[in-house]
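What follows is the content of target00.csv, which has CSV, C-alpha atoms:
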chain,number,residue,atom,x,y,z
Y,409,MET,CA,1.7,-2.1,-15.8
Y,410,SER,CA,0.6,-2.9,-12.3
Y,411,LEU,CA,1.4,-1.6,-8.9
Y,412,LEU,CA,2.8,-4.2,-6.6
Y,413,VAL,CA,3.1,-4.4,-2.8
Y,414,HIS,CA,5.9,-6.1,-1.0
Y,415,THR,CA,7.2,-6.5,2.5
Y,416,PHE,CA,10.9,-5.8,2.9
Y,417,VAL,CA,13.5,-6.1,5.7
Y,418,LEU,CA,16.6,-4.1,6.1
Y,419,ASP,CA,19.8,-6.2,6.2
Y,420,ALA,CA,22.6,-5.3,8.6
Y,421,ASP,CA,24.2,-2.9,6.0
Y,422,GLY,CA,20.8,-1.1,5.5
Y,423,THR,CA,20.1,-2.8,2.1
Y,424,GLU,CA,16.4,-3.5,1.5
Y,425,ARG,CA,15.6,-7.1,0.8
Y,426,LEU,CA,12.2,-8.0,-0.5
Y,427,LEU,CA,10.5,-11.0,1.1
Y,428,GLU,CA,8.9,-13.7,-0.9
Y,429,ASP,CA,5.6,-12.8,-2.6
Y,430,PRO,CA,2.4,-14.2,-1.1
Y,431,PRO,CA,0.6,-16.7,-3.3
Y,432,GLY,CA,-2.4,-15.9,-5.5
Y,433,GLY,CA,-1.9,-12.4,-6.6
Y,434,ARG,CA,-1.9,-10.9,-3.1
Y,435,ASP,CA,1.0,-8.7,-4.2
Y,436,LEU,CA,-1.2,-6.6,-6.4
Y,437,ALA,CA,-1.9,-3.0,-5.4
Y,438,GLY,CA,-3.7,-1.7,-8.5
Y,439,PHE,CA,-3.1,-0.6,-12.0
Y,440,GLU,CA,-0.4,2.0,-12.6
Y,441,ARG,CA,-3.0,4.6,-13.1
Y,442,SER,CA,-4.2,3.9,-9.5
Y,443,ARG,CA,-1.4,6.1,-8.4
Y,444,THR,CA,-3.4,9.1,-9.3
Y,445,THR,CA,-7.0,7.9,-9.7
Y,446,LEU,CA,-7.2,6.1,-6.3
Y,447,TRP,CA,-4.2,6.2,-3.9
Y,448,GLY,CA,-3.0,9.7,-4.7
Y,449,SER,CA,-6.4,11.1,-5.5
Y,450,ALA,CA,-8.0,14.3,-4.1
Y,451,ALA,CA,-10.6,12.1,-2.4
Y,452,MET,CA,-7.8,10.2,-0.6
Y,453,ARG,CA,-6.1,13.4,0.4
Y,454,ALA,CA,-9.4,14.8,1.7
Y,455,LEU,CA,-9.5,11.9,4.2
Y,456,GLY,CA,-6.3,13.3,5.6
Y,457,ALA,CA,-4.1,10.4,4.3
Y,458,ARG,CA,-0.4,11.1,4.5
Y,459,PHE,CA,1.1,7.9,3.1
Y,460,PHE,CA,-1.1,6.8,0.2
Y,461,PRO,CA,-0.9,10.1,-1.6
Y,462,LEU,CA,2.8,9.7,-2.0
Y,463,LEU,CA,2.1,7.2,-4.7
Y,464,ASP,CA,1.1,10.1,-6.9
Y,465,GLY,CA,4.5,10.6,-8.5
Y,466,ASP,CA,6.6,8.2,-6.5
Y,467,ASP,CA,6.8,4.8,-4.9
Y,468,LEU,CA,5.6,4.4,-1.3
Y,469,ARG,CA,8.1,3.1,1.2
Y,470,VAL,CA,6.8,2.7,4.8
Y,471,GLN,CA,9.8,2.2,7.0
Y,472,PRO,CA,9.6,-0.1,10.0
Y,473,GLU,CA,9.3,2.7,12.5
Y,474,GLU,CA,6.4,4.2,10.5
Y,475,LEU,CA,4.2,1.0,10.5
Y,476,GLY,CA,2.1,2.0,13.4
Y,477,GLU,CA,1.2,5.3,11.7
Y,478,PHE,CA,0.6,3.6,8.4
Y,479,LEU,CA,-1.7,1.0,9.9
Y,480,ALA,CA,-3.6,3.7,11.7
Y,481,GLU,CA,-4.1,5.5,8.4
Y,482,CYS,CA,-5.3,2.3,6.8
Y,483,GLU,CA,-7.9,1.9,9.6
Y,484,ALA,CA,-9.0,5.5,9.1
Y,485,VAL,CA,-9.4,5.0,5.3
Y,486,ARG,CA,-11.1,1.6,5.4
Y,487,PRO,CA,-14.6,2.9,6.1
Y,488,HIS,CA,-14.3,5.1,3.0
Y,489,LEU,CA,-13.3,2.5,0.4
Y,490,ALA,CA,-16.7,2.5,-1.3
Y,491,ALA,CA,-16.5,6.3,-1.7
Y,492,LEU,CA,-13.0,6.0,-3.0
Y,493,ALA,CA,-14.1,3.4,-5.5
Y,494,GLY,CA,-16.8,5.8,-6.7
Y,495,HIS,CA,-14.4,8.6,-7.2
Y,496,SER,CA,-11.8,6.4,-8.9
Y,497,GLY,CA,-14.1,4.5,-11.3
Y,498,TYR,CA,-13.0,1.1,-9.9
Y,499,THR,CA,-15.4,-1.3,-8.3
Y,500,VAL,CA,-15.7,-1.6,-4.5
Y,501,GLU,CA,-14.5,-5.2,-4.7
Y,502,TYR,CA,-11.4,-4.1,-6.7
Y,503,VAL,CA,-10.4,-1.3,-4.3
Y,504,THR,CA,-11.1,-3.5,-1.3
Y,505,ALA,CA,-9.0,-6.4,-2.6
Y,506,ARG,CA,-6.0,-4.1,-3.4
Y,507,PHE,CA,-6.3,-2.3,-0.1
Y,508,ASP,CA,-6.4,-5.6,1.8
Y,509,ASN,CA,-3.2,-6.7,0.0
Y,510,ILE,CA,-1.5,-3.5,1.2
Y,511,VAL,CA,-2.7,-3.9,4.8
Y,512,ALA,CA,-1.7,-7.6,4.8
Y,513,ALA,CA,1.8,-6.6,3.7
Y,514,ALA,CA,1.9,-4.1,6.6
Y,515,HIS,CA,1.0,-6.8,9.1
Y,516,ARG,CA,3.6,-9.2,7.6
Y,517,ALA,CA,6.2,-6.3,7.9
Y,518,ARG,CA,5.3,-5.8,11.5
Y,519,GLU,CA,5.9,-9.5,12.3
Y,520,VAL,CA,9.5,-9.3,10.9
Y,521,ASN,CA,10.3,-5.7,11.9
Y,522,GLY,CA,10.3,-4.8,8.2
Y,523,GLY,CA,8.6,-2.2,6.0
Y,524,VAL,CA,6.2,-2.0,3.0
Y,525,LEU,CA,7.0,-1.1,-0.5
Y,526,VAL,CA,4.3,-0.2,-3.1
Y,527,TRP,CA,5.8,0.3,-6.5

The structure in this file should be written as structure tokens.
Amino acid sequence: MSLLVHTFVLDADGTERLLEDPPGGRDLAGFERSRTTLWGSAAMRALGARFFPLLDGDDLRVQPEELGEFLAECEAVRPHLAALAGHSGYTVEYVTARFDNIVAAAHRAREVNGGVLVW
């Protein structure tokens, strides 16, 4: 199985509604085992990440009001993608592509006052 990343909006009644997937596989966030070997890894936690480690055992939901903090975490993590790749066993290209998909979803969410779901 694969982890997917989506942008969602909250309807007036509070129900999450996923927006249409971007073309070309840009909704991929990694293999299921990426939850523990990459996003929720000790190496990610050592960077001080708060959001990504939530994927170790659960889905990640970034609410609209948390997007600024999440994007700041993404910028703090970005310089360490090669090291995270080394710790996880994935290639730098693989980690960077999946990370970029997640960041792009966060930017789309910001444009529509939505959130991000990685599941």

* To do: To one decimal in Å, tell me the separation between atom CA of Arg469 of chain Y and atom CA of Leu525 of chain Y.
  =>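 Taking atom CA of Arg469 of chain Y and atom CA of Leu525 of chain Y, their separation equals 4.7 Å.
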
* Asked: What lies within 10 Å of Phe439 of chain Y using only C-alpha atoms, ignoring chain neighbours under 5 positions off, as a VMD selection string?
  -> chain Y and resid 409 to 412 445 to 446 506

* Structure fact -> Using all atoms listed in the file, the residue out of Y:Met452, Y:Ala513, Y:Leu427, Y:Pro461 with shortest distance to Ala484 of chain Y is Y:Met452

* Suppose you want the space between atom CA of Ala454 of chain Y and atom CA of Gly476 of chain Y; what is it in Å? -> 20.8 Å

* Structure fact -> atom CA of Ala437 of chain Y to atom CA of Glu519 of chain Y measures 20.4 Å

* Structure fact -> Of Y:Gly494, Y:Ala517, Y:Trp527, Y:Glu473, the one nearest to Glu440 of chain Y when counting all atoms listed in the file is Y:Trp527

* Asked: For Gly438 of chain Y, which residue among Y:Ala514, Y:Val413, Y:Leu475, Y:Ala491 is the nearest when counting only C-alpha atoms?
  ->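 For Gly438 of chain Y, the nearest of the given residues is Y:Val413.
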
* To do: Identify, on the basis of all atoms listed in the file, every residue whose closest approach to Asn521 of chain Y does not exceed 10 Å; exclude the query and any residue fewer than 5 positions from it along the same chain; express the result as a list of chain:residue names.
  => Y:Thr415, Y:Phe416, Y:Val417, Y:Leu418, Y:Gln471, Y:Pro472, Y:Glu473, Y:Leu475, Y:His515, Y:Arg516

* May I ask which of the residues Y:Ala451, Y:Gly522, Y:Asp467, Y:Phe507 is the closest one to Thr423 of chain Y, counting all atoms listed in the file? =>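 Going through Y:Ala451, Y:Gly522, Y:Asp467, Y:Phe507 one by one, the smallest distance to Thr423 of chain Y is for Y:Gly522.
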